[in-house]
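Structure data (compact mmCIF, C-alpha atoms) from protein33.txt:
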# COMPACT_ATOMS: atom_id res chain seq x y z
CA MET A 663 80.65 -42.89 31.60
CA LEU A 664 78.73 -43.03 34.87
CA HIS A 665 79.70 -40.63 37.64
CA ALA A 666 81.92 -41.98 40.43
CA ARG A 667 79.06 -41.74 42.91
CA GLU A 668 76.86 -43.95 40.72
CA ARG A 669 79.62 -46.51 40.15
CA GLN A 670 80.21 -46.62 43.89
CA LEU A 671 76.54 -47.30 44.61
CA ASP A 672 76.79 -50.23 42.19
CA GLY A 673 79.85 -51.31 44.15
CA LEU A 674 77.81 -51.23 47.36
CA ARG A 675 75.23 -53.50 45.73
CA THR A 676 78.03 -55.94 44.99
CA LEU A 677 79.19 -55.77 48.60
CA ALA A 678 75.66 -56.43 49.85
CA VAL A 679 74.96 -59.38 47.57
CA ALA A 680 78.44 -60.82 48.24
CA MET A 681 77.62 -60.98 51.95
CA VAL A 682 74.40 -62.84 51.13
CA LEU A 683 76.21 -65.32 48.89
CA TYR A 684 78.87 -65.90 51.54
CA HIS A 685 76.17 -66.59 54.11
CA HIS A 686 74.28 -69.09 51.94
CA PHE A 687 77.16 -70.73 50.07
CA PHE A 688 80.20 -70.68 52.35
CA ALA A 689 79.56 -70.01 56.04
CA VAL A 690 79.02 -73.16 58.05
CA ASP A 691 76.88 -71.79 60.89
CA GLY A 692 76.24 -68.58 62.68
CA SER A 693 77.16 -66.09 59.96
CA VAL A 694 75.40 -62.75 60.30
CA LEU A 695 76.79 -61.27 57.09
CA GLY A 696 73.77 -62.31 55.03
CA HIS A 697 71.37 -60.33 57.19
CA LEU A 698 73.75 -57.37 57.27
CA GLY A 699 73.87 -57.46 53.47
CA VAL A 700 70.07 -57.33 53.33
CA ARG A 701 70.09 -54.37 55.73
CA LEU A 702 72.52 -52.58 53.40
CA PHE A 703 70.15 -53.27 50.49
CA PHE A 704 67.30 -51.79 52.53
CA VAL A 705 69.21 -48.57 53.25
CA LEU A 706 70.12 -48.30 49.56
CA SER A 707 66.53 -48.86 48.47
CA GLY A 708 65.08 -46.32 50.87
CA PHE A 709 67.67 -43.75 49.83
CA LEU A 710 67.37 -44.22 46.08
CA ILE A 711 63.61 -44.26 45.70
CA THR A 712 63.20 -41.30 48.04
CA ARG A 713 65.85 -39.33 46.16
CA LEU A 714 64.15 -40.01 42.83
CA LEU A 715 60.70 -39.06 44.11
CA LEU A 716 61.95 -35.88 45.79
CA ASP A 717 63.61 -34.84 42.53
CA ALA A 718 60.40 -35.49 40.63
CA ARG A 719 58.50 -33.46 43.19
CA SER A 720 60.87 -30.52 42.67
CA ALA A 721 60.06 -30.25 38.96
CA ILE A 722 58.08 -27.29 37.67
CA ASP A 723 55.65 -29.58 35.84
CA TYR A 724 55.28 -32.02 38.75
CA GLU A 725 51.92 -33.76 39.06
CA PRO A 726 51.45 -36.27 41.92
CA GLY A 727 49.24 -38.61 39.87
CA THR A 728 51.71 -38.82 36.98
CA ALA A 729 54.71 -39.38 39.24
CA LEU A 730 52.89 -42.01 41.27
CA LYS A 731 51.65 -43.92 38.23
CA SER A 732 55.09 -43.82 36.60
CA PHE A 733 56.76 -45.04 39.76
CA TYR A 734 54.52 -48.11 40.03
CA ILE A 735 54.80 -48.94 36.33
CA ARG A 736 58.58 -48.61 36.34
CA ARG A 737 58.83 -50.77 39.47
CA ALA A 738 56.64 -53.40 37.85
CA LEU A 739 58.77 -53.41 34.69
CA ARG A 740 61.94 -53.85 36.71
CA ILE A 741 60.86 -56.23 39.43
CA PHE A 742 57.99 -58.39 38.20
CA PRO A 743 59.30 -60.10 35.02
CA PRO A 744 62.34 -61.88 36.56
CA TYR A 745 60.52 -62.48 39.84
CA PHE A 746 57.52 -64.19 38.29
CA ALA A 747 59.74 -66.04 35.82
CA MET A 748 61.60 -67.46 38.83
CA LEU A 749 58.33 -68.41 40.53
CA GLY A 750 57.08 -69.95 37.29
CA PHE A 751 60.13 -72.20 37.11
CA VAL A 752 59.74 -73.20 40.76
CA TRP A 753 56.07 -74.03 40.14
CA PHE A 754 56.79 -75.98 36.94
CA VAL A 755 59.34 -78.31 38.52
CA ASN A 756 57.90 -78.07 42.05
CA LEU A 757 61.41 -77.27 43.25
CA GLU A 758 61.92 -78.37 46.88
CA GLY A 759 58.16 -78.93 47.15
CA ALA A 760 57.52 -75.19 47.01
CA ARG A 761 54.44 -75.31 44.79
CA GLY A 762 51.98 -75.34 47.68
CA SER A 763 53.02 -71.93 49.03
CA LEU A 764 53.52 -70.10 45.74
CA LYS A 765 50.35 -68.02 46.03
CA TRP A 766 51.84 -66.30 49.09
CA HIS A 767 55.09 -65.57 47.27
CA ALA A 768 53.25 -64.42 44.14
CA ALA A 769 51.32 -61.92 46.29
CA TYR A 770 54.56 -60.65 47.87
CA LEU A 771 53.53 -62.00 51.25
CA SER A 772 56.50 -64.31 51.74
CA ASN A 773 57.49 -62.61 54.99
CA PHE A 774 54.03 -63.30 56.43
CA TRP A 775 54.11 -66.93 55.21
CA TYR A 776 57.36 -67.67 57.03
CA ALA A 777 56.34 -65.65 60.09
CA LEU A 778 53.04 -67.54 60.41
CA HIS A 779 54.70 -70.95 60.03
CA ASN A 780 57.80 -70.00 62.05
CA GLU A 781 60.07 -72.13 59.87
CA TRP A 782 62.00 -71.72 56.63
CA ILE A 783 59.90 -74.10 54.51
CA PRO A 784 60.21 -74.05 51.54
CA TRP A 785 63.82 -73.00 51.98
CA VAL A 786 64.36 -72.38 48.26
CA LEU A 787 62.16 -69.26 48.48
CA CYS A 788 63.31 -68.06 51.89
CA HIS A 789 65.09 -65.06 50.35
CA THR A 790 61.78 -63.70 49.04
CA TRP A 791 60.91 -62.40 52.52
CA SER A 792 63.11 -59.36 51.90
CA LEU A 793 61.71 -58.85 48.39
CA SER A 794 58.23 -58.87 49.92
CA ILE A 795 59.26 -56.30 52.52
CA GLU A 796 60.60 -54.03 49.80
CA GLU A 797 57.49 -54.43 47.63
CA GLN A 798 55.27 -53.58 50.60
CA PHE A 799 57.46 -50.53 51.19
CA TYR A 800 57.27 -49.53 47.51
CA ILE A 801 53.48 -49.56 47.62
CA ALA A 802 53.15 -47.26 50.62
CA TRP A 803 56.21 -45.02 50.71
CA PRO A 804 55.69 -43.09 47.43
CA LEU A 805 52.34 -41.94 48.81
CA VAL A 806 54.21 -40.33 51.70
CA ILE A 807 56.92 -38.70 49.59
CA LEU A 808 54.65 -37.44 46.82
CA LEU A 809 51.55 -36.45 48.76
CA ALA A 810 52.61 -35.35 52.25
CA PRO A 811 53.56 -31.69 52.78
CA ARG A 812 57.27 -31.53 52.10
CA ARG A 813 58.11 -29.98 55.48
CA PHE A 814 56.54 -33.02 57.17
CA ILE A 815 58.53 -35.70 55.31
CA GLY A 816 61.56 -35.52 57.61
CA PRO A 817 59.47 -35.73 60.80
CA ILE A 818 57.48 -38.61 59.28
CA CYS A 819 60.74 -40.48 58.66
CA VAL A 820 61.83 -39.93 62.27
CA ALA A 821 58.44 -41.11 63.56
CA VAL A 822 58.54 -44.29 61.46
CA ILE A 823 62.08 -45.09 62.64
CA ALA A 824 60.99 -44.54 66.23
CA PHE A 825 58.05 -46.89 65.68
CA SER A 826 60.40 -49.55 64.31
CA LEU A 827 62.69 -49.20 67.32
CA ALA A 828 59.71 -49.46 69.68
CA TYR A 829 58.72 -52.66 67.89
CA ARG A 830 62.16 -54.09 68.60
CA PHE A 831 62.00 -53.27 72.30
CA TYR A 832 58.52 -54.77 72.50
CA TRP A 833 59.74 -58.23 71.54
CA PRO A 834 61.46 -59.13 74.84
CA PHE A 835 57.99 -59.17 76.42
CA THR A 836 56.58 -61.69 73.93
CA GLY A 837 58.37 -64.78 75.14
CA THR A 838 60.29 -67.15 72.88
CA PRO A 839 61.92 -65.56 69.80
CA ALA A 840 60.11 -66.28 66.53
CA LEU A 841 60.74 -65.60 62.86
CA ALA A 842 58.05 -62.94 63.01
CA ARG A 843 60.47 -60.84 65.03
CA ASP A 844 62.62 -60.28 61.93
CA LEU A 845 60.14 -60.80 59.11
CA LEU A 846 57.21 -58.50 59.88
CA PRO A 847 57.50 -55.09 58.17
CA PRO A 848 58.29 -53.00 61.30
CA ALA A 849 61.54 -54.95 61.75
CA SER A 850 62.90 -53.53 58.49
CA LEU A 851 61.36 -50.07 58.43
CA ASP A 852 64.23 -48.60 60.44
CA ALA A 853 66.79 -49.42 57.72
CA LEU A 854 64.50 -48.54 54.79
CA VAL A 855 63.38 -45.23 56.27
CA ALA A 856 66.87 -44.38 57.52
CA GLY A 857 67.89 -44.47 53.86
CA ALA A 858 64.90 -42.29 53.03
CA LEU A 859 65.86 -39.81 55.75
CA LEU A 860 69.35 -39.68 54.24
CA ALA A 861 67.80 -38.63 50.92
CA VAL A 862 65.74 -35.94 52.67
CA HIS A 863 68.85 -34.65 54.43
CA ARG A 864 70.90 -34.70 51.22
CA SER A 865 68.23 -32.67 49.43
CA ARG A 866 69.20 -29.83 51.76
CA THR A 867 72.91 -30.32 52.49
CA GLU A 868 75.76 -32.81 52.22
CA VAL A 869 77.17 -31.90 55.63
CA TRP A 870 76.74 -34.67 58.19
CA PRO A 871 75.20 -33.70 61.54
CA ARG A 872 77.82 -33.52 64.26
CA TRP A 873 76.17 -36.28 66.31
CA MET A 874 76.55 -38.67 63.39
CA ARG A 875 80.21 -37.80 62.86
CA VAL A 876 80.89 -38.32 66.55
CA SER A 877 78.89 -41.53 66.92
CA VAL A 878 79.86 -43.45 63.78
CA ALA A 879 83.11 -44.89 65.20
CA PRO A 880 81.67 -46.19 68.51
CA LEU A 881 78.54 -47.47 66.73
CA THR A 882 80.67 -49.33 64.20
CA ALA A 883 82.74 -50.87 66.99
CA GLY A 884 79.56 -51.80 68.89
CA ALA A 885 78.03 -53.31 65.77
CA VAL A 886 81.11 -55.49 65.23
CA ILE A 887 80.96 -56.70 68.83
CA PHE A 888 77.24 -57.47 68.75
CA LEU A 889 77.46 -59.17 65.35
CA TRP A 890 80.38 -61.26 66.59
CA LEU A 891 78.46 -62.23 69.73
CA LYS A 892 75.24 -63.07 67.91
CA PRO A 893 76.13 -66.72 67.09
CA VAL A 894 77.45 -67.36 70.63
CA PRO A 895 75.14 -69.35 72.95
CA MET A 896 73.72 -67.10 75.66
CA THR A 897 70.83 -66.57 78.03
CA PRO A 898 67.48 -65.39 76.59
CA ALA A 899 67.90 -61.92 78.09
CA LEU A 900 71.38 -61.50 76.64
CA GLU A 901 70.16 -62.86 73.32
CA TRP A 902 67.50 -60.15 73.16
CA LEU A 903 70.07 -57.46 73.97
CA THR A 904 72.48 -58.79 71.37
CA TRP A 905 69.74 -58.97 68.74
CA ILE A 906 68.73 -55.36 69.35
CA GLY A 907 72.36 -54.18 69.26
CA ALA A 908 73.17 -56.14 66.11
CA GLU A 909 70.12 -54.67 64.36
CA ILE A 910 70.33 -51.04 65.51
CA PHE A 911 74.05 -50.27 65.83
CA PRO A 912 74.94 -50.86 62.14
CA ILE A 913 72.27 -48.47 60.81
CA ILE A 914 74.21 -45.21 61.19
CA PRO A 915 77.45 -46.69 59.74
CA LEU A 916 75.48 -48.11 56.79
CA VAL A 917 73.69 -44.79 56.22
CA MET A 918 77.00 -42.93 56.23
CA LEU A 919 78.52 -45.49 53.87
CA VAL A 920 75.65 -45.04 51.42
CA GLY A 921 75.78 -41.27 51.83
CA GLY A 922 79.53 -41.21 51.27
CA CYS A 923 79.27 -43.31 48.12
CA SER A 924 76.39 -41.18 46.82
CA SER A 925 78.79 -38.21 46.92
CA GLY A 926 81.79 -40.20 45.70
CA LEU A 927 84.22 -41.63 48.24
CA ARG A 928 87.89 -40.91 47.78
CA GLY A 929 90.75 -43.19 48.64
CA PRO A 930 91.23 -46.96 48.36
CA LEU A 931 87.63 -47.88 49.26
CA GLY A 932 86.20 -45.57 46.62
CA ARG A 933 88.58 -46.92 43.97
CA LEU A 934 87.77 -50.50 44.96
CA LEU A 935 84.02 -49.94 44.64
CA GLU A 936 84.54 -48.39 41.20
CA LEU A 937 86.48 -51.32 39.71
CA PRO A 938 84.69 -52.52 36.54
CA PRO A 939 84.17 -56.12 37.75
CA ILE A 940 82.70 -54.81 41.01
CA THR A 941 80.29 -52.40 39.33
CA ALA A 942 79.32 -55.03 36.75
CA VAL A 943 78.11 -57.39 39.48
CA GLY A 944 76.28 -54.51 41.15
CA ARG A 945 74.33 -53.85 37.96
CA ILE A 946 72.96 -57.40 37.94
CA SER A 947 72.71 -57.78 41.72
CA TYR A 948 68.90 -58.09 41.66
CA GLY A 949 69.18 -61.18 39.48
CA VAL A 950 72.03 -62.55 41.59
CA TYR A 951 69.94 -62.22 44.72
CA LEU A 952 66.80 -63.53 43.04
CA PHE A 953 68.31 -66.65 41.46
CA HIS A 954 70.97 -67.76 43.92
CA PRO A 955 68.82 -70.19 46.01
CA ILE A 956 67.43 -71.72 42.81
CA VAL A 957 70.96 -72.32 41.57
CA LEU A 958 71.93 -73.78 44.94
CA SER A 959 69.07 -76.27 44.86
CA LEU A 960 69.91 -77.36 41.31
CA ILE A 961 73.64 -77.84 41.84
CA VAL A 962 73.05 -79.86 45.00
CA LYS A 963 70.77 -82.13 42.98
CA ALA A 964 73.54 -82.40 40.37
CA GLN A 965 76.24 -83.29 42.91
CA ALA A 966 76.94 -86.63 41.20
CA TRP A 967 78.17 -84.76 38.09
CA ILE A 968 80.17 -82.09 39.94
CA PRO A 969 83.76 -82.99 40.96
CA VAL A 970 83.80 -80.83 44.12
CA ASN A 971 81.58 -80.93 47.19
CA VAL A 972 78.58 -78.65 46.68
CA SER A 973 76.27 -80.52 49.05
CA GLU A 974 77.67 -78.70 52.07
CA GLN A 975 78.74 -75.16 52.90
CA GLY A 976 82.33 -74.48 51.92
CA PRO A 977 84.68 -73.30 49.18
CA GLY A 978 83.49 -75.83 46.60
CA ARG A 979 79.88 -74.77 46.91
CA PHE A 980 80.84 -71.10 47.04
CA VAL A 981 82.86 -71.18 43.81
CA ILE A 982 80.48 -73.33 41.76
CA ALA A 983 77.24 -71.78 42.98
CA THR A 984 78.54 -68.22 42.72
CA ALA A 985 79.84 -68.75 39.17
CA ALA A 986 76.58 -70.36 38.08
CA THR A 987 74.51 -67.62 39.71
CA LEU A 988 76.52 -64.84 38.06
CA MET A 989 76.19 -66.55 34.71
CA LEU A 990 72.43 -66.97 35.03
CA ALA A 991 71.93 -63.40 36.27
CA SER A 992 74.03 -62.02 33.39
CA ILE A 993 72.06 -63.98 30.79
CA SER A 994 68.77 -62.93 32.36
CA TRP A 995 69.79 -59.28 32.34
CA THR A 996 71.09 -59.29 28.77
CA ILE A 997 68.30 -61.12 26.96
CA PHE A 998 65.31 -60.60 29.24
CA GLU A 999 65.47 -57.79 31.79
CA LYS A 1000 67.34 -55.09 29.86
CA PRO A 1001 64.93 -55.00 26.88
CA LEU A 1002 61.97 -54.71 29.26
CA ASN A 1003 63.70 -51.95 31.20
CA GLN A 1004 63.99 -49.91 28.03
CA LEU A 1005 60.21 -49.49 28.11
CA LYS A 1006 60.63 -47.21 31.13
CA ARG A 1007 61.47 -44.32 28.83
CA HIS A 1008 57.75 -44.13 28.08
CA PHE A 1009 56.96 -43.45 31.75
CA PRO A 1010 58.87 -40.39 33.00
CA TYR A 1011 58.18 -39.25 36.53
CA VAL A 1012 57.28 -35.79 35.25
CA ARG A 1013 55.72 -35.19 31.85
CA SER A 1014 56.80 -31.87 30.41
CA ARG A 1015 56.45 -29.96 27.17
CA SER A 1016 60.20 -29.36 27.38
CA GLN A 1017 62.97 -31.94 27.23
CA ALA A 1018 63.58 -31.94 30.98
CA HIS A 1019 61.62 -34.32 33.12
CA ILE A 1020 63.09 -33.07 36.39
CA PRO A 1021 64.92 -29.90 37.41
CA SER A 1022 67.77 -28.85 35.12
CA SER A 1023 70.11 -28.67 38.09
CA ASN A 1024 70.07 -32.46 38.21
CA ARG A 1025 70.92 -32.96 34.54
CA ALA A 1026 74.27 -34.25 33.39
CA SER A 1027 75.83 -35.27 30.13
CA GLU A 1028 74.37 -38.41 28.61
CA PRO A 1029 75.75 -41.36 30.59
CA ASP A 1030 76.00 -44.94 29.49
CA VAL A 1031 72.84 -47.01 29.76
CA ARG A 1032 72.58 -48.29 33.30
CA ALA A 1033 71.80 -51.88 34.06
CA TYR A 1034 68.80 -51.17 36.26
CA GLU A 1035 67.19 -48.09 34.79
CA VAL A 1036 66.86 -46.91 31.18
CA SER A 1037 65.08 -43.77 30.10
CA ALA A 1038 65.05 -41.33 27.22
CA TYR A 1039 66.13 -38.69 29.72
CA ARG A 1040 69.19 -39.67 31.74
CA PRO A 1041 70.39 -37.17 34.33
CA SER A 1042 73.24 -38.07 36.65
CA TYR A 1043 71.02 -40.20 38.85
CA ALA A 1044 67.37 -39.38 38.35
CA ASN A 1045 66.51 -42.39 36.24
CA ARG A 1046 68.69 -44.93 37.94
CA ASP A 1047 67.01 -47.87 39.50
CA GLU A 1048 65.53 -47.59 42.94
CA HIS A 1049 65.72 -51.28 43.76
CA GLY A 1050 68.27 -52.44 46.31
CA THR A 1051 68.00 -56.18 46.10
What would you get if you wrote out this structure as structure tokens?
Amino acid sequence: MLHARERQLDGLRTLAVAMVLYHHFFAVDGSVLGHLGVRLFFVLSGFLITRLLLDARSAIDYEPGTALKSFYIRRALRIFPPYFAMLGFVWFVNLEGARGSLKWHAAYLSNFWYALHNEWIPWVLCHTWSLSIEEQFYIAWPLVILLAPRRFIGPICVAVIAFSLAYRFYWPFTGTPALARDLLPPASLDALVAGALLAVHRSRTEVWPRWMRVSVAPLTAGAVIFLWLKPVPMTPALEWLTWIGAEIFPIIPLVMLVGGCSSGLRGPLGRLLELPPITAVGRISYGVYLFHPIVLSLIVKAQAWIPVNVSEQGPGRFVIATAATLMLASISWTIFEKPLNQLKRHFPYVRSRSQAHIPSSNRASEPDVRAYEVSAYRPSYANRDEHGT
């Protein structure tokens, strides 16, 4: 059985993807839950890949070149097959006229495509902006974690977060808000690297800094207020302030939520996140996120054969589209993604003459095969998937 902390991280993936599905399938207008769900995915991704790489770096037989090559190969095995299968289907049927922009999406430059055009066309691939952000992060961040002097990794994280915050405060001087404000990489680095900084901190201690313990309640309250205000019409100056608050205030609460689950939360929330149906959705959450706009487009086209209204946001669309998305993601995982993931056992982060691929202190009894990450060596978390979305 998986440890409670790993089941709870799967539960967080379910929470994140549920907010995205609610935003795209149910909410009429003005929902901010979808973006908050993506931010949670970013924190998870930054935390998990940094934790894995730091553990690899701690091994006696650690070699930067081996760890780096294995990371990229394992990411490709996990991310590329379903992603390019999805793009191949969109190209084949020219779904929503998306064929003309596919080269941008295939190159993981979706965020730049939408930023340059300043509109969500084609809408059926609009969710790929976040996948592009993560892929861009995956290319660069392992170089920092595996090659930089270890004592500098924490300060580097702080510097990157500060740069991201400076980027946010720069935008009020640019004039009219544009999609580029949210879609260029600096807009997401704060959440991704905050997760990474959590992993750095947890490599030393599980005790939260006092300033985080003191600030989490007011920041959570502030985040709720700003997120509630975000859809309300307001002046440009107030809109900028609300945008900054809605982006920055949730980061510390999300980091502490991820950190708490990585240690194993107690109480009702921990038990809820560990429920088998919740963790099962978390294990296939990448497919759920990847396929849900495709499913939405197809069911809207099939409205004539569906007895409930799926052409508009609401309960009918939410139930039908969610059920269809879960079914497709489950099939994809079972017959397509899982067999490919089993190849990862050939690419350990650390090659050793002994059985251990990372420090023995991180080993645990053989857990069940995880939905995202499969390896011949399976410590408590070292070979679990790094991908958040």
### Task
Give me the residues within 12 Å of A:Arg866 as an MDAnalysis selection string, counting all atoms listed in the file and dropping any in the same chain fewer than 6 places off.
chainID A and resid 713 716:717 813 816 859:860
Got time to write the residues from that selection, C-alpha atoms, as an mmCIF file, in the frame of the given file?
data_model
loop_
_atom_site.group_PDB
_atom_site.id
_atom_site.type_symbol
_atom_site.label_atom_id
_atom_site.label_comp_id
_atom_site.auth_asym_id
_atom_site.auth_seq_id
_atom_site.Cartn_x
_atom_site.Cartn_y
_atom_site.Cartn_z
ATOM 1 C CA ARG A 713 65.850 -39.330 46.160
ATOM 2 C CA LEU A 716 61.950 -35.880 45.790
ATOM 3 C CA ASP A 717 63.610 -34.840 42.530
ATOM 4 C CA ARG A 813 58.110 -29.980 55.480
ATOM 5 C CA GLY A 816 61.560 -35.520 57.610
ATOM 6 C CA LEU A 859 65.860 -39.810 55.750
ATOM 7 C CA LEU A 860 69.350 -39.680 54.240
#
Test item: residues at most 10 Å from A:Lys963, all atoms listed in the file, excluding those fewer than 6 positions along its chain, as an mmCIF file with C-alpha atoms, in the coordinates of the input:
data_model
loop_
_atom_site.group_PDB
_atom_site.id
_atom_site.type_symbol
_atom_site.label_atom_id
_atom_site.label_comp_id
_atom_site.auth_asym_id
_atom_site.auth_seq_id
_atom_site.Cartn_x
_atom_site.Cartn_y
_atom_site.Cartn_z
ATOM 1 C CA VAL A 957 70.960 -72.320 41.570
ATOM 2 C CA VAL A 972 78.580 -78.650 46.680
ATOM 3 C CA SER A 973 76.270 -80.520 49.050
#
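The interatomic distance for the pair atom CA of A:Pro1010 and atom CA of A:Leu808 works out to 14.7 Å.
With only C-alpha atoms as the atoms that count, the minimum distance from A:Arg864 to the choices A:Asn1003, A:Ser826, A:Ser924, A:Ser992 is reached by A:Ser924.
We find atom CA of A:Val820 and atom CA of A:Ser794 to be spaced 22.9 Å apart.
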### Message
At a cut-off of 10 Å, using all atoms listed in the file, what residues contact A:Ile815? Leave out same-chain residues fewer than 5 positions from it and give the result as a count of residues only.
### Response
10
### Message
Give me the residues near A:Ile961 as number ranges by chain, where near means some atom within 10 Å (using all atoms listed in the file) and where sequence neighbours in that chain fewer than 3 positions away do not count.
### Response
A: 955-958, 964-968, 972-973, 979, 982-983, 986
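Distances to A:Arg843 were evaluated for A:Ala883, A:Ile823, A:Tyr776, A:Pro898 using only C-alpha atoms, and the minimum falls at A:Tyr776.
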### Summary
Min atom-atom distance to A:Tyr734 from the set A:Val700, A:Ala802, A:Leu706, A:Ala768, counting all atoms listed in the file, belongs to A:Ala802
Can you sort out stretch 878-902 of chain A so it carries N, CA and C atoms, written as an mmCIF file, in the frame of the given file?
data_model
loop_
_atom_site.group_PDB
_atom_site.id
_atom_site.type_symbol
_atom_site.label_atom_id
_atom_site.label_comp_id
_atom_site.auth_asym_id
_atom_site.auth_seq_id
_atom_site.Cartn_x
_atom_site.Cartn_y
_atom_site.Cartn_z
ATOM 1 N N VAL A 878 79.676 -42.379 64.750
ATOM 2 C CA VAL A 878 79.860 -43.450 63.780
ATOM 3 C C VAL A 878 80.935 -44.456 64.215
ATOM 4 N N ALA A 879 82.046 -43.970 64.784
ATOM 5 C CA ALA A 879 83.110 -44.890 65.200
ATOM 6 C C ALA A 879 82.666 -45.809 66.329
ATOM 7 N N PRO A 880 82.113 -45.273 67.451
ATOM 8 C CA PRO A 880 81.670 -46.190 68.510
ATOM 9 C C PRO A 880 80.526 -47.108 68.065
ATOM 10 N N LEU A 881 79.623 -46.607 67.208
ATOM 11 C CA LEU A 881 78.540 -47.470 66.730
ATOM 12 C C LEU A 881 79.074 -48.588 65.850
ATOM 13 N N THR A 882 80.060 -48.289 65.029
ATOM 14 C CA THR A 882 80.670 -49.330 64.200
ATOM 15 C C THR A 882 81.339 -50.385 65.073
ATOM 16 N N ALA A 883 82.091 -49.930 66.074
ATOM 17 C CA ALA A 883 82.740 -50.870 66.990
ATOM 18 C C ALA A 883 81.700 -51.703 67.731
ATOM 19 N N GLY A 884 80.624 -51.062 68.206
ATOM 20 C CA GLY A 884 79.560 -51.800 68.890
ATOM 21 C C GLY A 884 78.881 -52.791 67.982
ATOM 22 N N ALA A 885 78.668 -52.398 66.721
ATOM 23 C CA ALA A 885 78.030 -53.310 65.770
ATOM 24 C C ALA A 885 78.888 -54.553 65.544
ATOM 25 N N VAL A 886 80.204 -54.343 65.417
ATOM 26 C CA VAL A 886 81.110 -55.490 65.230
ATOM 27 C C VAL A 886 81.040 -56.428 66.426
ATOM 28 N N ILE A 887 81.025 -55.869 67.615
ATOM 29 C CA ILE A 887 80.960 -56.700 68.830
ATOM 30 C C ILE A 887 79.658 -57.480 68.887
ATOM 31 N N PHE A 888 78.533 -56.792 68.667
ATOM 32 C CA PHE A 888 77.240 -57.470 68.750
ATOM 33 C C PHE A 888 77.086 -58.517 67.641
ATOM 34 N N LEU A 889 77.561 -58.196 66.437
ATOM 35 C CA LEU A 889 77.460 -59.170 65.350
ATOM 36 C C LEU A 889 78.356 -60.371 65.614
ATOM 37 N N TRP A 890 79.499 -60.153 66.246
ATOM 38 C CA TRP A 890 80.380 -61.260 66.590
ATOM 39 C C TRP A 890 79.762 -62.121 67.684
ATOM 40 N N LEU A 891 79.065 -61.483 68.628
ATOM 41 C CA LEU A 891 78.460 -62.230 69.730
ATOM 42 C C LEU A 891 77.197 -62.977 69.312
ATOM 43 N N LYS A 892 76.555 -62.543 68.242
ATOM 44 C CA LYS A 892 75.240 -63.070 67.910
ATOM 45 C C LYS A 892 75.192 -64.591 67.801
ATOM 46 N N PRO A 893 76.190 -65.258 67.172
ATOM 47 C CA PRO A 893 76.130 -66.720 67.090
ATOM 48 C C PRO A 893 76.493 -67.443 68.373
ATOM 49 N N VAL A 894 76.985 -66.722 69.406
ATOM 50 C CA VAL A 894 77.450 -67.360 70.630
ATOM 51 C C VAL A 894 76.267 -67.744 71.516
ATOM 52 N N PRO A 895 76.236 -68.970 72.041
ATOM 53 C CA PRO A 895 75.140 -69.350 72.950
ATOM 54 C C PRO A 895 75.077 -68.427 74.152
ATOM 55 N N MET A 896 73.870 -68.038 74.553
ATOM 56 C CA MET A 896 73.720 -67.100 75.660
ATOM 57 C C MET A 896 72.334 -67.232 76.263
ATOM 58 N N THR A 897 72.124 -66.552 77.359
ATOM 59 C CA THR A 897 70.830 -66.570 78.030
ATOM 60 C C THR A 897 69.801 -65.823 77.180
ATOM 61 N N PRO A 898 68.502 -66.102 77.374
ATOM 62 C CA PRO A 898 67.480 -65.390 76.590
ATOM 63 C C PRO A 898 67.570 -63.874 76.706
ATOM 64 N N ALA A 899 67.819 -63.361 77.913
ATOM 65 C CA ALA A 899 67.900 -61.920 78.090
ATOM 66 C C ALA A 899 69.064 -61.322 77.312
ATOM 67 N N LEU A 900 70.223 -61.984 77.375
ATOM 68 C CA LEU A 900 71.380 -61.500 76.640
ATOM 69 C C LEU A 900 71.180 -61.636 75.139
ATOM 70 N N GLU A 901 70.452 -62.682 74.750
ATOM 71 C CA GLU A 901 70.160 -62.860 73.320
ATOM 72 C C GLU A 901 69.327 -61.719 72.791
ATOM 73 N N TRP A 902 68.319 -61.294 73.571
ATOM 74 C CA TRP A 902 67.500 -60.150 73.160
ATOM 75 C C TRP A 902 68.351 -58.898 73.017
#
